[in-house]
Amino acid sequence: MSPRTRLRVFVVAGAGLLGLLLWGFAGLPDFGHYAGPYGDILNRVAVHERSSTDIVTAVNFDYRAFDTLIEEFILFAAVIGVASLLRALRGEHSARPDDDVPGRHVPETSLAVRLAGLVLVGPTVLIGLYVVAHGHQTPGGGFQGGVILASGLLLTYLSADYLTMRRVGPTWLVETAEGLGAAGFVLIAVGGLVGGGAFFQNVLGKGTPGTLPSAGLIPLSNLSVGLAVSGGFAYMLAEFLQQTLVRRGQARGRRRKGP
Amino acid sequence: MSFFPYAVAAWVVLIGLYGIVTSRNLIHLVMCLSVVQSASYLVLLSIGYKDDAQAPIFADVPLSTPAVDPVVQALTLTDVVVGVTVTALLLALAVQAHKRYETLDPEDLRPRRRR
């Protein structure tokens, strides 16, 4: 199909889709006039029931914690998928990330970028830990904080190079974080089953809302999800950056013989 | 104006699809798919929005303060995570496609005859 024909097909199909979308959206409650009862009920009871002042976290890690467990394993599966898609193929080997084209001028990373990256590593990791730890009180939680922690590691790539990043966050470390976090989340759920008779039952004391040790299992869930997400993201980033090191001597030679 | 956010979501879906249809670069295509998906964040958050209400966080306000729906916000978090995983997997596929065909242009991706 030529690009022109494809665009024509798209214009027709897009117009139809737009009509259907607008028709469907017209049946939704007006913007600003929330209709469903669940949000209002949760906002009223969640702080008393779960001692979590962040209702979104209470929903994610308590009321529908089982969904979040599956969600965490979607991420886990994606990390495995990226790792297996980017595995070393036949005829590939790794080499130092030097430029292979002779005579090309590659500018060095500027001192400003290096310095800013280096200065930001500490604060970024601190913010990541804060967001993970206070997920049940203020906006944040394991997913958000885990991504911030992984970007802390990425800053070392920005301010140094890939090999330095691998020294700061070696494979065994990020793999352990990912595995421990995912397993920990399951164990917390099973702990509720053993101690309270239901999967994810909040068996720890509720504590005072608004204090750090409160909301029972929610901070622990946040911690293990934070560990899993930071490990998973660090692993995926490393897998993609690893591709800059890949050399394909054999494959290139074989292709020339082809048609 | 009460319909405006939904109209924006519909527009975001279509503009993303347009990008996918006309894309000449696999990375650009994956980003366009993210654009399409971000429309679902808009729809979810718009459904839960309430006039003159605050975020569903009661750390420093009385419990009687009106707040927007936390359920759709939690769903949006799931949506974001799923979006990230899809993006990561597709980018990995783009890397491998580039290795095999030495191009990122979807127009040039033809089935290669096995030797």
# chains A, B, ... in the order shown; residues from 1 in each chain; ligands from 1

$ select_by_dssp --residues "range 4-246 of chain A" --states "helix (DSSP H, G or I)" --output "JSON, numbers by chain"
{"A": [4, 5, 6, 7, 8, 9, 10, 11, 12, 13, 14, 15, 16, 17, 18, 19, 20, 21, 22, 23, 24, 25, 26, 38, 39, 40, 41, 42, 43, 44, 45, 46, 47, 48, 49, 50, 55, 56, 57, 58, 59, 60, 61, 62, 63, 65, 66, 67, 68, 69, 70, 71, 72, 73, 74, 75, 76, 77, 78, 79, 80, 81, 82, 83, 84, 85, 111, 112, 113, 114, 115, 116, 117, 118, 119, 120, 121, 122, 123, 124, 125, 126, 127, 128, 129, 130, 131, 132, 133, 142, 143, 144, 145, 146, 147, 148, 149, 150, 151, 152, 153, 154, 155, 156, 157, 158, 159, 162, 163, 164, 165, 166, 167, 168, 171, 172, 173, 174, 175, 176, 177, 178, 179, 180, 181, 182, 183, 184, 185, 186, 187, 188, 189, 190, 191, 192, 193, 194, 195, 196, 218, 219, 220, 221, 222, 223, 224, 225, 226, 227, 228, 229, 230, 231, 232, 233, 234, 235, 236, 237, 238, 239, 240, 241, 242, 243, 244, 245]}

$ closest_atom_pairs --of "chain A" --to "chain B" --cutoff "7 Å" --atoms "only C-alpha atoms" --output "JSON lines"
{"residue": "A:Gly14", "atom": "CA", "partner": "B:Leu14", "partner_atom": "CA", "distance": 6.6}
{"residue": "A:Leu18", "atom": "CA", "partner": "B:Ala10", "partner_atom": "CA", "distance": 6.5}
{"residue": "A:Leu21", "atom": "CA", "partner": "B:Ala10", "partner_atom": "CA", "distance": 6.3}
{"residue": "A:Leu22", "atom": "CA", "partner": "B:Ala7", "partner_atom": "CA", "distance": 7.0}
{"residue": "A:Phe25", "atom": "CA", "partner": "B:Tyr6", "partner_atom": "CA", "distance": 6.3}
{"residue": "A:Pro29", "atom": "CA", "partner": "B:Ile47", "partner_atom": "CA", "distance": 6.9}
{"residue": "A:Asp30", "atom": "CA", "partner": "B:Ser2", "partner_atom": "CA", "distance": 5.4}
{"residue": "A:Phe31", "atom": "CA", "partner": "B:Ser2", "partner_atom": "CA", "distance": 4.7}
{"residue": "A:Gly32", "atom": "CA", "partner": "B:Lys50", "partner_atom": "CA", "distance": 4.1}
{"residue": "A:His33", "atom": "CA", "partner": "B:Lys50", "partner_atom": "CA", "distance": 5.4}
{"residue": "A:Tyr34", "atom": "CA", "partner": "B:Lys50", "partner_atom": "CA", "distance": 5.3}
{"residue": "A:Gly39", "atom": "CA", "partner": "B:Asp69", "partner_atom": "CA", "distance": 4.2}
{"residue": "A:Asp40", "atom": "CA", "partner": "B:Asp69", "partner_atom": "CA", "distance": 6.6}
{"residue": "A:Asn43", "atom": "CA", "partner": "B:Pro56", "partner_atom": "CA", "distance": 6.7}
{"residue": "A:Arg44", "atom": "CA", "partner": "B:Leu63", "partner_atom": "CA", "distance": 6.9}
{"residue": "A:Thr53", "atom": "CA", "partner": "B:Phe58", "partner_atom": "CA", "distance": 4.9}
{"residue": "A:Asp54", "atom": "CA", "partner": "B:Ile57", "partner_atom": "CA", "distance": 4.5}
{"residue": "A:Ile55", "atom": "CA", "partner": "B:Pro56", "partner_atom": "CA", "distance": 5.7}
{"residue": "A:Val56", "atom": "CA", "partner": "B:Pro70", "partner_atom": "CA", "distance": 5.0}
{"residue": "A:Val59", "atom": "CA", "partner": "B:Ala74", "partner_atom": "CA", "distance": 6.6}
{"residue": "A:Asn60", "atom": "CA", "partner": "B:Ala74", "partner_atom": "CA", "distance": 5.9}
{"residue": "A:Glu71", "atom": "CA", "partner": "B:Thr78", "partner_atom": "CA", "distance": 6.6}
{"residue": "A:Leu75", "atom": "CA", "partner": "B:Thr85", "partner_atom": "CA", "distance": 6.0}
{"residue": "A:Ala78", "atom": "CA", "partner": "B:Thr85", "partner_atom": "CA", "distance": 5.5}
{"residue": "A:Gly81", "atom": "CA", "partner": "B:Leu89", "partner_atom": "CA", "distance": 6.7}
{"residue": "A:Val82", "atom": "CA", "partner": "B:Leu89", "partner_atom": "CA", "distance": 5.6}
{"residue": "A:Leu85", "atom": "CA", "partner": "B:Ala92", "partner_atom": "CA", "distance": 6.3}
{"residue": "A:Leu86", "atom": "CA", "partner": "B:Ala92", "partner_atom": "CA", "distance": 6.4}
{"residue": "A:Gln137", "atom": "CA", "partner": "B:Ala59", "partner_atom": "CA", "distance": 6.0}
{"residue": "A:Thr138", "atom": "CA", "partner": "B:Ala59", "partner_atom": "CA", "distance": 6.4}
{"residue": "A:Gly210", "atom": "CA", "partner": "B:Ala59", "partner_atom": "CA", "distance": 5.9}

$ write_last_selection --atoms "N, CA and C atoms" --output "PDB file, in the first residue's frame"
ATOM      1  N   GLY A  14     -10.326   7.397  10.339  1.00  0.00           N
ATOM      2  CA  GLY A  14     -10.174   8.337  11.452  1.00  0.00           C
ATOM      3  C   GLY A  14     -11.435   9.143  11.681  1.00  0.00           C
ATOM      4  N   LEU A  18     -13.411   9.120  15.076  1.00  0.00           N
ATOM      5  CA  LEU A  18     -13.685  10.368  15.804  1.00  0.00           C
ATOM      6  C   LEU A  18     -15.168  10.461  16.155  1.00  0.00           C
ATOM      7  N   LEU A  21     -15.888   7.993  18.937  1.00  0.00           N
ATOM      8  CA  LEU A  21     -15.315   8.440  20.220  1.00  0.00           C
ATOM      9  C   LEU A  21     -16.179   9.536  20.829  1.00  0.00           C
ATOM     10  N   LEU A  22     -16.521  10.545  19.995  1.00  0.00           N
ATOM     11  CA  LEU A  22     -17.299  11.672  20.526  1.00  0.00           C
ATOM     12  C   LEU A  22     -18.681  11.201  20.977  1.00  0.00           C
ATOM     13  N   PHE A  25     -18.062   9.483  24.289  1.00  0.00           N
ATOM     14  CA  PHE A  25     -17.738  10.444  25.354  1.00  0.00           C
ATOM     15  C   PHE A  25     -18.962  11.261  25.755  1.00  0.00           C
ATOM     16  N   PRO A  29     -20.387  11.320  32.236  1.00  0.00           N
ATOM     17  CA  PRO A  29     -20.796  12.478  33.042  1.00  0.00           C
ATOM     18  C   PRO A  29     -20.004  13.713  32.625  1.00  0.00           C
ATOM     19  N   ASP A  30     -20.627  14.876  32.716  1.00  0.00           N
ATOM     20  CA  ASP A  30     -19.959  16.123  32.341  1.00  0.00           C
ATOM     21  C   ASP A  30     -18.690  16.315  33.156  1.00  0.00           C
ATOM     22  N   PHE A  31     -17.682  16.930  32.519  1.00  0.00           N
ATOM     23  CA  PHE A  31     -16.424  17.192  33.206  1.00  0.00           C
ATOM     24  C   PHE A  31     -16.683  18.091  34.415  1.00  0.00           C
ATOM     25  N   GLY A  32     -16.182  17.659  35.581  1.00  0.00           N
ATOM     26  CA  GLY A  32     -16.394  18.459  36.786  1.00  0.00           C
ATOM     27  C   GLY A  32     -17.604  18.013  37.587  1.00  0.00           C
ATOM     28  N   HIS A  33     -18.421  17.129  36.999  1.00  0.00           N
ATOM     29  CA  HIS A  33     -19.598  16.622  37.723  1.00  0.00           C
ATOM     30  C   HIS A  33     -19.438  15.125  37.916  1.00  0.00           C
ATOM     31  N   TYR A  34     -18.565  14.745  38.834  1.00  0.00           N
ATOM     32  CA  TYR A  34     -18.274  13.337  39.078  1.00  0.00           C
ATOM     33  C   TYR A  34     -19.539  12.615  39.541  1.00  0.00           C
ATOM     34  N   GLY A  39     -15.554   6.831  44.598  1.00  0.00           N
ATOM     35  CA  GLY A  39     -14.532   7.782  44.991  1.00  0.00           C
ATOM     36  C   GLY A  39     -14.919   8.536  46.246  1.00  0.00           C
ATOM     37  N   ASP A  40     -16.176   8.977  46.307  1.00  0.00           N
ATOM     38  CA  ASP A  40     -16.634   9.729  47.479  1.00  0.00           C
ATOM     39  C   ASP A  40     -16.615   8.862  48.731  1.00  0.00           C
ATOM     40  N   ASN A  43     -13.000   8.383  49.817  1.00  0.00           N
ATOM     41  CA  ASN A  43     -12.451   9.587  50.416  1.00  0.00           C
ATOM     42  C   ASN A  43     -12.954   9.769  51.845  1.00  0.00           C
ATOM     43  N   ARG A  44     -14.162   9.278  52.113  1.00  0.00           N
ATOM     44  CA  ARG A  44     -14.727   9.451  53.451  1.00  0.00           C
ATOM     45  C   ARG A  44     -14.169   8.412  54.424  1.00  0.00           C
ATOM     46  N   THR A  53      -3.168   8.648  54.514  1.00  0.00           N
ATOM     47  CA  THR A  53      -3.740   9.940  54.135  1.00  0.00           C
ATOM     48  C   THR A  53      -3.696  10.152  52.632  1.00  0.00           C
ATOM     49  N   ASP A  54      -2.930   9.329  51.906  1.00  0.00           N
ATOM     50  CA  ASP A  54      -2.959   9.368  50.444  1.00  0.00           C
ATOM     51  C   ASP A  54      -3.917   8.268  49.982  1.00  0.00           C
ATOM     52  N   ILE A  55      -5.108   8.679  49.547  1.00  0.00           N
ATOM     53  CA  ILE A  55      -6.142   7.686  49.237  1.00  0.00           C
ATOM     54  C   ILE A  55      -5.757   6.882  47.995  1.00  0.00           C
ATOM     55  N   VAL A  56      -5.036   7.531  47.054  1.00  0.00           N
ATOM     56  CA  VAL A  56      -4.633   6.804  45.845  1.00  0.00           C
ATOM     57  C   VAL A  56      -3.757   5.614  46.223  1.00  0.00           C
ATOM     58  N   VAL A  59      -5.831   2.911  47.784  1.00  0.00           N
ATOM     59  CA  VAL A  59      -6.526   2.120  46.760  1.00  0.00           C
ATOM     60  C   VAL A  59      -5.549   1.141  46.116  1.00  0.00           C
ATOM     61  N   ASN A  60      -4.381   1.651  45.740  1.00  0.00           N
ATOM     62  CA  ASN A  60      -3.430   0.824  45.010  1.00  0.00           C
ATOM     63  C   ASN A  60      -2.866  -0.322  45.840  1.00  0.00           C
ATOM     64  N   GLU A  71       0.009  -5.956  38.290  1.00  0.00           N
ATOM     65  CA  GLU A  71       0.660  -4.856  37.572  1.00  0.00           C
ATOM     66  C   GLU A  71       2.168  -4.922  37.742  1.00  0.00           C
ATOM     67  N   LEU A  75       5.221  -5.541  34.829  1.00  0.00           N
ATOM     68  CA  LEU A  75       6.522  -4.878  34.711  1.00  0.00           C
ATOM     69  C   LEU A  75       7.652  -5.907  34.726  1.00  0.00           C
ATOM     70  N   ALA A  78       7.852  -7.595  31.498  1.00  0.00           N
ATOM     71  CA  ALA A  78       8.408  -6.731  30.460  1.00  0.00           C
ATOM     72  C   ALA A  78       9.925  -6.646  30.574  1.00  0.00           C
ATOM     73  N   GLY A  81      11.180  -9.653  29.124  1.00  0.00           N
ATOM     74  CA  GLY A  81      11.014  -9.571  27.679  1.00  0.00           C
ATOM     75  C   GLY A  81      12.090  -8.719  27.033  1.00  0.00           C
ATOM     76  N   VAL A  82      12.373  -7.539  27.613  1.00  0.00           N
ATOM     77  CA  VAL A  82      13.422  -6.675  27.059  1.00  0.00           C
ATOM     78  C   VAL A  82      14.762  -7.394  27.112  1.00  0.00           C
ATOM     79  N   LEU A  85      14.805 -10.043  24.412  1.00  0.00           N
ATOM     80  CA  LEU A  85      14.851  -9.478  23.055  1.00  0.00           C
ATOM     81  C   LEU A  85      16.234  -8.917  22.739  1.00  0.00           C
ATOM     82  N   LEU A  86      16.886  -8.354  23.768  1.00  0.00           N
ATOM     83  CA  LEU A  86      18.178  -7.699  23.535  1.00  0.00           C
ATOM     84  C   LEU A  86      19.347  -8.607  23.912  1.00  0.00           C
ATOM     85  N   GLN A 137       1.416   8.766  52.879  1.00  0.00           N
ATOM     86  CA  GLN A 137       1.046  10.038  53.487  1.00  0.00           C
ATOM     87  C   GLN A 137       0.795  11.117  52.450  1.00  0.00           C
ATOM     88  N   THR A 138       1.752  11.262  51.535  1.00  0.00           N
ATOM     89  CA  THR A 138       1.710  12.322  50.533  1.00  0.00           C
ATOM     90  C   THR A 138       1.823  11.670  49.151  1.00  0.00           C
ATOM     91  N   GLY A 210      -0.944   9.884  59.142  1.00  0.00           N
ATOM     92  CA  GLY A 210      -0.058  11.016  58.947  1.00  0.00           C
ATOM     93  C   GLY A 210       1.325  10.820  59.529  1.00  0.00           C
TER      94      GLY A 210
END

$ residues_around --residues "Leu115 in chain A" --least-positions-apart "6" --cutoff "12 Å" --atoms "only C-alpha atoms" --output "count of residues only"
7

$ residues_around --residues "range 141-154 of chain A" --least-positions-apart "2" --cutoff "8 Å" --atoms "only C-alpha atoms" --output "PyMOL selection string"
chain A and resi 57+120-122+124-125+127-136+139+156-158+165+168-169+221-231+233-234+237

$ closest_residue --among "B:Pro62, B:Tyr101, B:Thr76, B:Gly16" --to "His28 in chain B" --atoms "only C-alpha atoms"
B:Gly16
